[in-house]
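Data first, discussion second: the structure below is written as structure tokens.
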Amino acid sequence: MFNKYKFTDYNFRILDYDGETNIAALHFSVVPKDYTRDTEAEIVVKGKEKDYSVKAYKENNIFVADTAVYCEDNMTVYLYLTENGK
């Protein structure tokens, strides 16, 4: 899921799954190795048919985000960190 060499910890959970619509509610948490109080984070879930983007917020020095996605056979998760717009 995440590159283990750039993070001290990461996790995701399926909070809920609707079999009729094939939509899962997901919770992500990640602690990057290097960040400052000005660092902002965005989690992007990419599928073959659709991408989902959600802004992560800091909670006790952990970036967390919740989102709902349509489940596909192969999906990839990315974390984008920015600081002062870069």
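Residue names in the structure tokens use chain letters A, B, ... in the order shown, residue numbers from 1 in each chain, and ligand numbers from 1 in the order shown.
Neighbouring residues of Tyr57 (chain A) at 10 Å or closer, counting only C-alpha atoms and skipping chain neighbours under 5 positions away, are Ser29, Thr39, Glu40, Ala41, Glu42, Ile62, Phe63, Val64, Ala65 and Asp66 of chain A.
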Restrict the selected residues to N, CA, C and O atoms and save them as a tab-separated table (two decimals), in the first residue's frame.
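Okay, this is what ended up in part-v8.tsv:
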```
chain	number	residue	atom	x	y	z
A	29	SER	N	-4.77	6.05	8.09
A	29	SER	CA	-3.91	6.79	9.01
A	29	SER	C	-2.46	6.54	8.62
A	29	SER	O	-2.09	5.42	8.28
A	39	THR	N	2.95	20.97	7.10
A	39	THR	CA	2.73	19.95	6.08
A	39	THR	C	1.24	19.65	5.95
A	39	THR	O	0.54	19.50	6.95
A	40	GLU	N	0.79	19.57	4.71
A	40	GLU	CA	-0.58	19.17	4.42
A	40	GLU	C	-0.53	17.85	3.65
A	40	GLU	O	0.44	17.56	2.96
A	41	ALA	N	-1.59	17.05	3.80
A	41	ALA	CA	-1.59	15.73	3.18
A	41	ALA	C	-2.90	15.48	2.43
A	41	ALA	O	-3.96	15.95	2.84
A	42	GLU	N	-2.78	14.73	1.36
A	42	GLU	CA	-3.94	14.31	0.57
A	42	GLU	C	-3.77	12.83	0.26
A	42	GLU	O	-2.69	12.40	-0.15
A	62	ILE	N	-0.78	12.35	13.58
A	62	ILE	CA	-1.07	11.30	12.60
A	62	ILE	C	-2.00	11.92	11.56
A	62	ILE	O	-2.98	12.58	11.90
A	63	PHE	N	-1.68	11.72	10.28
A	63	PHE	CA	-2.58	12.17	9.23
A	63	PHE	C	-3.68	11.13	9.05
A	63	PHE	O	-3.38	9.94	8.86
A	64	VAL	N	-4.93	11.55	9.12
A	64	VAL	CA	-6.05	10.63	9.00
A	64	VAL	C	-7.04	11.15	7.96
A	64	VAL	O	-7.16	12.35	7.75
A	65	ALA	N	-7.75	10.21	7.33
A	65	ALA	CA	-8.76	10.58	6.34
A	65	ALA	C	-9.76	9.44	6.20
A	65	ALA	O	-9.41	8.27	6.36
A	66	ASP	N	-10.98	9.81	5.92
A	66	ASP	CA	-12.05	8.85	5.64
A	66	ASP	C	-12.61	9.15	4.26
A	66	ASP	O	-12.76	10.32	3.88
```
Picked from region 23-72 of chain A by DSSP as strand (DSSP E or B), as an MDAnalysis selection string
chainID A and resid 23:32 39:46 51:59 62:70
Go ahead and write the residues just picked, C-alpha atoms, as a PDB file, in the first residue's frame.
```pdb
ATOM      1  CA  ILE A  23     -19.025   0.814  -2.073  1.00  0.00           C
ATOM      2  CA  ALA A  24     -16.631   0.650   0.863  1.00  0.00           C
ATOM      3  CA  ALA A  25     -16.096   3.308   3.519  1.00  0.00           C
ATOM      4  CA  LEU A  26     -12.365   3.451   4.323  1.00  0.00           C
ATOM      5  CA  HIS A  27     -10.278   4.991   7.098  1.00  0.00           C
ATOM      6  CA  PHE A  28      -6.589   5.782   6.528  1.00  0.00           C
ATOM      7  CA  SER A  29      -3.906   6.790   9.014  1.00  0.00           C
ATOM      8  CA  VAL A  30      -0.272   7.492   8.233  1.00  0.00           C
ATOM      9  CA  VAL A  31       2.773   8.985   9.959  1.00  0.00           C
ATOM     10  CA  PRO A  32       5.403  10.207   7.473  1.00  0.00           C
ATOM     11  CA  THR A  39       2.732  19.948   6.084  1.00  0.00           C
ATOM     12  CA  GLU A  40      -0.583  19.171   4.418  1.00  0.00           C
ATOM     13  CA  ALA A  41      -1.592  15.725   3.177  1.00  0.00           C
ATOM     14  CA  GLU A  42      -3.936  14.312   0.569  1.00  0.00           C
ATOM     15  CA  ILE A  43      -4.796  10.645   0.130  1.00  0.00           C
ATOM     16  CA  VAL A  44      -5.667   9.522  -3.391  1.00  0.00           C
ATOM     17  CA  VAL A  45      -7.222   6.144  -4.181  1.00  0.00           C
ATOM     18  CA  LYS A  46      -6.865   5.284  -7.870  1.00  0.00           C
ATOM     19  CA  ASP A  51     -10.001   8.169  -8.702  1.00  0.00           C
ATOM     20  CA  TYR A  52     -10.881   9.490  -5.244  1.00  0.00           C
ATOM     21  CA  SER A  53      -9.088  12.292  -3.461  1.00  0.00           C
ATOM     22  CA  VAL A  54      -9.524  13.308   0.162  1.00  0.00           C
ATOM     23  CA  LYS A  55      -7.653  15.823   2.287  1.00  0.00           C
ATOM     24  CA  ALA A  56      -6.095  14.229   5.363  1.00  0.00           C
ATOM     25  CA  TYR A  57      -6.001  16.100   8.634  1.00  0.00           C
ATOM     26  CA  LYS A  58      -3.593  15.838  11.560  1.00  0.00           C
ATOM     27  CA  GLU A  59      -4.868  14.162  14.681  1.00  0.00           C
ATOM     28  CA  ILE A  62      -1.073  11.303  12.597  1.00  0.00           C
ATOM     29  CA  PHE A  63      -2.580  12.175   9.228  1.00  0.00           C
ATOM     30  CA  VAL A  64      -6.050  10.627   8.997  1.00  0.00           C
ATOM     31  CA  ALA A  65      -8.765  10.579   6.335  1.00  0.00           C
ATOM     32  CA  ASP A  66     -12.050   8.846   5.638  1.00  0.00           C
ATOM     33  CA  THR A  67     -13.550   8.281   2.212  1.00  0.00           C
ATOM     34  CA  ALA A  68     -15.995   6.057   0.378  1.00  0.00           C
ATOM     35  CA  VAL A  69     -14.953   4.327  -2.845  1.00  0.00           C
ATOM     36  CA  TYR A  70     -16.485   2.072  -5.446  1.00  0.00           C
TER      37      TYR A  70
END
```
From the options A:Thr76, A:Leu15, A:Lys86, A:Asp34, which residue's atoms come nearest to Lys50 (chain A), counting only C-alpha atoms?
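The closest residue to Lys50 (chain A) is A:Thr76.
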Computed interatomic separation between CA of Glu72 (chain A) and CA of Thr8 (chain A) (Å)
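Computed distance, CA of Glu72 (chain A) to CA of Thr8 (chain A), equals 28.1 Å.
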Nearest residue to Thr36 (chain A) from the set A:Asn74, A:Asn61, A:Asn22, A:Asn11 (distances using only C-alpha atoms)
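Between A:Asn74, A:Asn61, A:Asn22, A:Asn11, the residue approaching Thr36 (chain A) most closely is A:Asn61.
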How many Å lie between CA of Gly47 (chain A) and CA of Asp9 (chain A), rounded to one decimal?
23.6 Å
